[in-house]
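Asks: Take a look at final-v6.txt, compact mmCIF, C-alpha atoms:
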```txt
# COMPACT_ATOMS: atom_id res chain seq x y z
CA MET M 182 86.73 123.04 -5.14
CA ASN M 183 88.19 126.25 -6.54
CA ILE M 184 91.36 125.03 -8.27
CA SER M 185 92.60 128.55 -8.87
CA ARG M 186 92.37 129.41 -5.18
CA VAL M 187 94.20 126.19 -4.20
CA VAL M 188 96.99 126.98 -6.66
CA LYS M 189 97.31 130.51 -5.29
CA VAL M 190 97.49 129.23 -1.70
CA LEU M 191 100.10 126.62 -2.61
CA PHE M 192 102.13 129.22 -4.49
CA LEU M 193 101.95 131.60 -1.51
CA LEU M 194 103.08 128.85 0.85
CA PHE M 195 105.97 128.07 -1.51
CA ILE M 196 107.04 131.73 -1.57
CA ILE M 197 106.88 131.92 2.22
CA SER M 198 108.92 128.72 2.54
CA VAL M 199 111.59 129.98 0.13
CA ALA M 200 111.77 133.35 1.88
CA THR M 201 112.03 131.72 5.33
CA THR M 202 114.78 129.39 4.14
CA ALA M 203 116.65 132.27 2.51
CA MET M 204 116.42 134.31 5.73
CA ALA M 205 117.67 131.37 7.79
CA VAL M 206 120.60 130.79 5.40
CA GLU M 207 121.40 134.51 5.39
CA LYS M 208 121.33 134.62 9.20
CA GLN M 209 123.57 131.57 9.44
CA SER M 210 126.05 132.70 6.79
CA ALA M 211 126.35 136.36 7.85
CA ALA M 212 129.72 137.07 9.43
CA ILE M 213 129.57 137.96 13.15
CA PRO M 214 132.99 139.40 14.07
CA VAL M 215 134.13 139.68 17.70
CA VAL M 216 136.48 142.50 18.70
CA ALA M 217 138.32 143.18 21.97
CA ASP M 218 141.64 145.04 21.52
CA LEU M 219 141.85 143.21 18.18
CA LEU M 220 139.67 141.11 15.89
CA LEU M 221 139.46 137.74 17.63
CA GLY M 222 137.56 135.89 14.90
CA GLY M 223 133.85 135.16 15.03
CA TRP M 224 130.94 133.13 13.73
CA MET M 225 130.29 132.47 10.03
CA ASN M 226 128.47 129.81 8.01
CA GLY M 227 127.48 128.00 11.19
CA SER M 228 131.03 127.67 12.52
CA TRP M 229 133.59 129.47 14.64
CA VAL M 230 136.32 130.96 12.44
CA ASP M 231 139.59 132.77 13.20
CA ALA M 232 140.47 136.36 12.38
CA ASP M 233 142.26 135.48 9.13
CA THR M 234 139.16 133.69 7.84
CA ILE M 235 136.51 136.23 8.81
CA ALA M 236 138.40 139.48 8.12
CA SER M 237 137.61 139.68 4.39
CA HIS M 238 133.90 139.10 5.10
CA VAL M 239 133.53 142.05 7.50
CA PRO M 240 132.40 145.22 5.66
CA ALA M 241 133.02 148.82 6.64
CA GLY M 242 129.96 150.35 8.26
CA LEU M 243 128.90 147.16 10.04
CA LYS M 244 126.83 147.81 13.16
CA TYR M 245 128.19 146.34 16.38
CA SER M 246 126.57 145.72 19.76
CA THR M 247 128.84 146.44 22.71
CA TYR M 248 128.98 144.77 26.12
CA SER M 249 130.71 145.35 29.42
CA PHE M 250 131.13 142.59 31.99
CA ASP M 251 127.54 142.85 33.26
CA GLY M 252 125.68 145.15 30.90
CA ARG M 253 124.98 146.16 27.34
CA GLY M 254 126.49 149.34 25.94
CA SER M 255 125.55 151.54 23.01
CA ASP M 256 125.67 150.35 19.40
CA CYS M 257 128.53 151.53 17.22
CA THR M 258 129.78 151.38 13.64
CA GLY M 259 133.05 149.68 12.74
CA SER M 260 135.56 149.95 9.94
CA SER M 261 136.60 147.02 7.81
CA PRO M 262 139.42 145.07 9.51
CA ARG M 263 142.86 146.59 8.98
CA TYR M 264 145.83 144.24 8.85
CA GLU M 265 148.71 145.33 11.08
CA GLU M 266 152.11 143.70 10.84
CA GLU M 267 154.52 146.02 12.62
CA GLY M 268 155.72 144.25 15.75
CA CYS M 269 152.77 141.85 15.93
CA GLU M 270 150.50 140.65 13.15
CA TYR M 271 146.79 141.14 13.79
CA TYR M 272 143.57 142.68 12.47
CA ALA M 273 142.38 145.96 13.98
CA VAL M 274 138.85 147.39 13.77
CA ASP M 275 138.23 151.10 14.37
CA PHE M 276 134.94 152.34 15.76
CA ALA M 277 133.12 155.66 15.42
CA ASP M 278 132.22 157.98 18.31
CA GLY M 279 135.43 157.25 20.22
CA VAL M 280 134.45 153.68 21.10
CA ALA M 281 137.43 151.48 21.96
CA ALA M 282 136.93 147.72 22.23
CA ASN M 283 139.22 146.23 24.88
CA ASP M 284 139.09 144.06 28.00
CA SER M 285 136.32 146.33 29.38
CA LEU M 286 134.20 146.58 26.24
CA LEU M 287 133.42 143.78 23.78
CA ALA M 288 132.11 144.58 20.29
CA VAL M 289 130.03 141.94 18.49
CA GLY M 290 128.88 142.50 14.91
CA SER M 291 125.31 141.26 15.31
CA ARG M 292 121.89 142.74 15.98
CA HIS M 293 120.54 140.16 18.46
CA ASP M 294 120.68 140.73 22.21
CA GLY M 295 123.77 138.91 23.42
CA MET M 296 123.26 139.58 27.12
CA LEU M 297 120.30 137.33 27.84
CA ARG M 298 121.54 136.74 31.39
CA ARG M 299 124.03 138.81 33.36
CA PRO M 300 127.10 137.43 35.14
CA LYS M 301 127.61 138.34 38.78
CA LEU M 302 130.73 138.71 40.87
CA GLN M 303 130.48 136.91 44.22
CA THR M 304 132.51 138.52 46.99
CA GLY M 305 131.15 136.81 50.10
CA GLY M 306 130.81 133.16 51.11
CA LEU M 307 134.12 132.22 49.50
CA LYS M 308 135.28 129.69 52.09
CA PRO M 309 134.08 126.54 50.22
CA TYR M 310 135.89 127.75 47.10
CA GLU M 311 139.03 128.60 49.03
CA GLU M 312 139.00 125.07 50.42
CA LEU M 313 138.62 123.72 46.89
CA VAL M 314 141.60 125.75 45.65
CA ALA M 315 143.62 124.68 48.71
CA ARG M 316 143.15 121.03 47.72
CA TYR M 317 144.54 121.71 44.25
CA LEU M 318 147.52 123.52 45.76
CA LYS M 319 148.26 120.72 48.21
CA ASN M 320 147.97 118.06 45.51
CA ASN M 321 150.45 119.97 43.35
CA GLY M 322 153.08 120.74 45.98
CA ILE M 323 152.28 124.43 46.58
CA SER M 324 152.20 125.61 50.22
CA ALA M 325 150.74 129.08 49.54
CA GLU M 326 147.36 130.24 50.81
CA PRO M 327 144.39 130.04 48.44
CA GLU M 328 143.64 133.46 46.95
CA ILE M 329 140.39 133.92 45.03
CA GLN M 330 140.81 136.73 42.50
CA GLN M 331 137.41 136.33 40.86
CA LEU M 332 134.34 134.21 41.46
CA VAL M 333 131.81 134.64 38.68
CA ARG M 334 128.31 133.16 38.67
CA VAL M 335 126.26 133.02 35.45
CA ASP M 336 123.59 130.83 33.90
CA LEU M 337 125.26 130.14 30.58
CA ASP M 338 122.61 127.95 28.95
CA GLY M 339 119.45 129.38 30.51
CA ASP M 340 118.42 126.24 32.38
CA GLY M 341 118.00 128.13 35.68
CA SER M 342 121.19 126.73 37.22
CA GLU M 343 124.22 129.00 37.55
CA GLU M 344 127.66 127.90 36.47
CA VAL M 345 130.65 129.16 38.49
CA LEU M 346 134.06 130.27 37.28
CA ILE M 347 136.86 130.53 39.86
CA VAL M 348 140.02 132.49 39.09
CA ALA M 349 142.65 132.05 41.79
CA GLY M 350 146.34 132.81 42.08
CA ASN M 351 149.19 134.81 43.57
CA ALA M 352 151.57 134.86 40.58
CA ASP M 353 152.47 138.27 39.11
CA SER M 354 152.05 138.07 35.33
CA SER M 355 153.38 141.60 34.81
CA ARG M 356 156.99 140.66 35.67
CA PRO M 357 159.40 138.24 33.93
CA VAL M 358 160.20 136.60 37.25
CA PHE M 359 158.96 133.35 38.77
CA PHE M 360 158.71 132.92 42.54
CA GLU M 361 158.54 129.77 44.58
CA ASN M 362 155.07 128.71 45.79
CA THR M 363 153.15 130.86 43.33
CA TYR M 364 150.38 129.70 41.04
CA SER M 365 147.57 130.57 38.62
CA LEU M 366 144.40 128.48 38.56
CA VAL M 367 141.09 128.68 36.68
CA LEU M 368 138.28 126.28 37.59
CA PHE M 369 134.82 125.85 36.09
CA ARG M 370 131.99 124.36 38.18
CA ARG M 371 128.64 123.14 36.89
CA LEU M 372 125.76 120.95 37.99
CA VAL M 373 125.24 117.68 36.11
CA ALA M 374 122.39 115.37 37.15
CA GLY M 375 122.42 116.85 40.65
CA LYS M 376 126.18 116.49 41.04
CA VAL M 377 128.74 119.33 40.98
CA ILE M 378 131.45 118.78 38.37
CA THR M 379 134.73 120.74 38.45
CA GLU M 380 136.79 121.26 35.29
CA VAL M 381 140.30 122.74 35.19
CA LEU M 382 140.65 125.34 32.44
CA HIS M 383 144.16 126.47 33.40
CA GLN M 384 146.64 125.52 36.11
CA HIS M 385 150.22 126.71 36.54
CA TYR M 386 152.30 125.88 39.61
CA TYR M 387 155.72 127.48 40.13
CA HIS M 388 157.91 125.56 42.55
CA GLU M 389 161.15 127.60 42.47
CA ASP M 390 162.51 131.10 41.93
CA SER M 391 163.65 131.88 38.40
CA GLU M 392 164.54 135.10 36.56
CA GLY M 393 166.48 136.39 33.58
CA MET M 394 164.11 134.67 31.14
CA ALA M 395 161.98 136.18 28.37
CA ASP M 396 158.94 134.63 29.99
CA SER M 397 156.63 135.19 32.92
CA PRO M 398 153.83 133.59 34.91
CA SER M 399 150.36 133.55 33.35
CA GLY M 400 147.42 135.47 34.79
CA TYR M 401 143.72 135.24 33.99
CA LYS M 402 140.41 137.00 34.45
CA THR M 403 136.84 136.54 33.24
CA VAL M 404 135.93 139.53 31.09
CA PHE M 405 132.64 138.72 29.32
CA ALA M 406 129.75 136.26 29.08
CA VAL M 407 127.84 137.03 25.86
CA ASP M 408 125.73 135.09 23.35
CA ILE M 409 127.80 135.75 20.25
CA ASN M 410 126.10 133.55 17.66
CA GLY M 411 122.49 133.97 18.77
CA ASP M 412 121.84 130.37 19.82
CA GLY M 413 120.59 131.33 23.31
CA SER M 414 123.68 130.16 25.20
CA LEU M 415 126.34 132.55 26.45
CA GLU M 416 129.95 132.20 25.40
CA LEU M 417 132.50 132.72 28.17
CA ILE M 418 135.48 134.95 27.40
CA LEU M 419 138.70 134.88 29.41
CA ARG M 420 141.65 137.24 29.13
CA GLY M 421 145.09 135.84 29.78
CA SER M 422 148.16 137.95 30.38
CA TYR M 423 151.92 137.60 30.67
CA TYR M 424 154.93 139.93 30.63
CA GLU M 425 154.47 142.25 27.62
CA GLY M 426 151.55 140.32 26.20
CA PHE M 427 147.92 139.22 26.47
CA TRP M 428 145.40 136.99 24.74
CA TYR M 429 141.69 136.18 24.76
CA GLU M 430 139.97 132.80 24.84
CA ILE M 431 136.34 132.24 23.81
CA TYR M 432 134.59 129.18 25.24
CA GLU M 433 131.35 127.64 24.03
CA PHE M 434 129.18 125.89 26.64
CA THR M 435 127.57 122.57 25.74
CA GLY M 436 126.29 119.56 27.63
CA LYS M 437 129.86 118.29 27.71
CA GLY M 438 131.16 121.45 29.40
CA LEU M 439 133.27 124.30 28.10
CA LYS M 440 135.02 124.03 24.74
CA LYS M 441 137.58 126.61 23.62
CA VAL M 442 136.55 127.73 20.13
CA LEU M 443 138.69 130.83 19.53
CA SER M 444 141.90 132.35 20.87
CA ASP M 445 144.03 135.29 19.76
CA GLY M 446 146.23 137.98 21.29
CA LEU M 447 149.28 140.18 21.10
CA GLY M 448 152.69 140.02 22.68
CA ALA M 449 156.44 140.19 22.35
```
Taking this structure as input, can you express it in the form of structure tokens?

Replies:
Amino acid sequence: MNISRVVKVLFLLFIISVATTAMAVEKQSAAIPVVADLLLGGWMNGSWVDADTIASHVPAGLKYSTYSFDGRGSDCTGSSPRYEEEGCEYYAVDFADGVAANDSLLAVGSRHDGMLRRPKLQTGGLKPYEELVARYLKNNGISAEPEIQQLVRVDLDGDGSEEVLIVAGNADSSRPVFFENTYSLVLFRRLVAGKVITEVLHQHYYHEDSEGMADSPSGYKTVFAVDINGDGSLELILRGSYYEGFWYEIYEFTGKGLKKVLSDGLGA
């Protein structure tokens, strides 16, 4: 046996192992910021972190991938987060080439492809979902008709089965007025062991007229489904709105369903 050759092979394997481990640690620890209107937070050191935590770890010149609701956009370069405190406190990120991250364009500071599967808006065949919403309205004392605002289908975890997000409602979140028999409802449907499970993400039922308050009904819409941290599963991103304000919610999908991992926004 050639001892020298064995030593060289073992040394080479050791170097490869160290390099692989270092790359894995670097990939896990690298900050992945998420921006839509403002810095929402992101992924760092194997965990979801808020904007305050990740901001100091986001360098100027970081390359971002951009996404619309159902497609990938061009890459862009971002500034370091800028702390704003006039009116509302938040972190802003500026992008080159006139790119503006908002509810139509999500910017994610990573190089992997985050749109492994595309969400789809369903516009026909809504009757079963209208009947589902009607049951929630009846059970909560609302006599209004079911109104589906969005029905989104997407395979979040890549198992070949589509999950369904239902956004329903007739409440006007742009006005500081509440009207009787209005509502906002967000439902999440998934298949578990051959059985359809429905989860309520948000539900607001307004039973009487009310005005003159610094408040308003809440409204929702699904804006993105993107794999932010590169684990192969898509995160679901909702945008909520109210009179003079809005916020975003990022949900991680696991075997137990959706879990809200980040939320941030602006408002009076």

Asks: Rank M:Asp284, M:Asp231, M:Glu361, M:Glu311 by their smallest atom-to-atom distance to M:Tyr386, using all atoms listed in the file, and report the top residue only.

Replies: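 Among M:Asp284, M:Asp231, M:Glu361, M:Glu311, it is M:Glu361 that comes nearest to M:Tyr386.
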
Asks: So which one's closest to M:Asp445, M:Val289, M:Ala232, M:Ala211, M:Met225? Using all atoms listed in the file, please.

Replies: M:Ala232

Asks: Quick one: pull the distance between atom CA of M:Val239 and atom CA of M:Arg299, Å, one decimal.

Replies: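 Between atom CA of M:Val239 and atom CA of M:Arg299 the gap works out to 27.7 Å.
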
Asks: Env of M:Gly400: 7 Å cut, atoms = all atoms listed in the file, seq-sep filter 3 positions within chain, self excluded. Answer as a PyMOL selection string.

Replies: chain M and resi 354+365+421-423

Asks: Take the selection from the previous step and output its residues with C-alpha atoms, as an mmCIF file, in the coordinates of the input.

Replies:
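Just written: selection-v8.cif:
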```
data_model
loop_
_atom_site.group_PDB
_atom_site.id
_atom_site.type_symbol
_atom_site.label_atom_id
_atom_site.label_comp_id
_atom_site.auth_asym_id
_atom_site.auth_seq_id
_atom_site.Cartn_x
_atom_site.Cartn_y
_atom_site.Cartn_z
ATOM 1 C CA SER M 354 152.050 138.070 35.330
ATOM 2 C CA SER M 365 147.570 130.570 38.620
ATOM 3 C CA GLY M 421 145.090 135.840 29.780
ATOM 4 C CA SER M 422 148.160 137.950 30.380
ATOM 5 C CA TYR M 423 151.920 137.600 30.670
#
```

Asks: Quick one: axis-aligned box around all listed atoms of stretch 424-441 of chain M, 4 Å on every side, centre and edge lengths in Å to one decimal, written as JSON.

Replies:
```
{"center_x": 140.6, "center_y": 130.3, "center_z": 27.1, "size_x": 36.6, "size_y": 32.0, "size_z": 15.0}
```

Asks: Stretch 403-445 of chain M near stretch 366-383 of chain M within 12 Å: what's each residue's closest atom pair and its distance in Å to one decimal, counting all atoms listed in the file, ordered by chain then ascending residue number, as a tab-separated table?

Replies:
```
residue	atom	partner	partner_atom	distance
M:Thr403	CA	M:Val367	CA	9.6
M:Leu417	CA	M:Phe369	CA	10.7
M:Leu419	CA	M:Val367	CA	9.8
M:Arg420	CA	M:Val367	CA	11.4
M:Gly421	CA	M:His383	CA	10.1
M:Glu430	CA	M:Leu382	CA	10.7
M:Ile431	CA	M:Leu382	CA	11.9
M:Tyr432	CA	M:Leu382	CA	10.2
M:Phe434	CA	M:Arg371	CA	10.6
M:Thr435	CA	M:Arg371	CA	11.2
M:Gly436	CA	M:Val373	CA	8.7
M:Lys437	CA	M:Val373	CA	9.6
M:Gly438	CA	M:Arg371	CA	8.1
M:Leu439	CA	M:Phe369	CA	8.3
M:Lys440	CA	M:Leu382	CA	9.6
M:Lys441	CA	M:Leu382	CA	9.4
```

Asks: As an exercise, work out the distance from atom CA of M:Asp275 to atom CA of M:Gly413 in Å and give it to one decimal place.

Replies: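 One can read the atom CA of M:Asp275 to atom CA of M:Gly413 distance as 28.0 Å.
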
Asks: Pick from M:Met394, M:Leu286, M:Leu346, M:Leu220: nearest to M:Val358, with all atoms listed in the file counted?

Replies: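 Under the stated criterion, the closest residue is M:Met394.
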
Asks: Which residue out of M:Ala217, M:Val404, M:Ala212, M:Ile347 has the minimum interatomic distance to M:Ala282 when only C-alpha atoms are used?

Replies: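 Closest candidate: M:Ala217.
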
Asks: Under the rule that only C-alpha atoms are counted, which of M:Ser255, M:Pro300, M:Phe360, M:Leu415 is the nearest residue to M:Ile323?

Replies: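 Of all the options, M:Phe360 lies closest to M:Ile323.
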
Asks: Grab the atom CA of M:Gly268 to atom CA of M:Gly448 distance for me, in Å with one decimal place.

Replies: 8.7 Å

Asks: Find the residues near M:Gly305: any atom within 12 Å, counting all atoms listed in the file, skip ones fewer than 5 places away on the same chain, and give them as a PyMOL selection string.

Replies: chain M and resi 310-311+329+331-333

Asks: Choose the residue, out of M:Tyr272, M:Asn320, M:Lys308, M:Tyr424, that has the smallest atom-to-atom separation from M:Phe359; count all atoms listed in the file.

Replies: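 Of M:Tyr272, M:Asn320, M:Lys308, M:Tyr424, the one nearest M:Phe359, counting all atoms listed in the file, is M:Tyr424.
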
Asks: Give as an MDAnalysis selection string every residue, naming chains and numbers as the document does, that has an atom within 12 Å of (141.4, 136.3, 15.6), counting only C-alpha atoms.

Replies: chainID M and resid 214:224 229:236 262 264 270:274 428:431 442:447
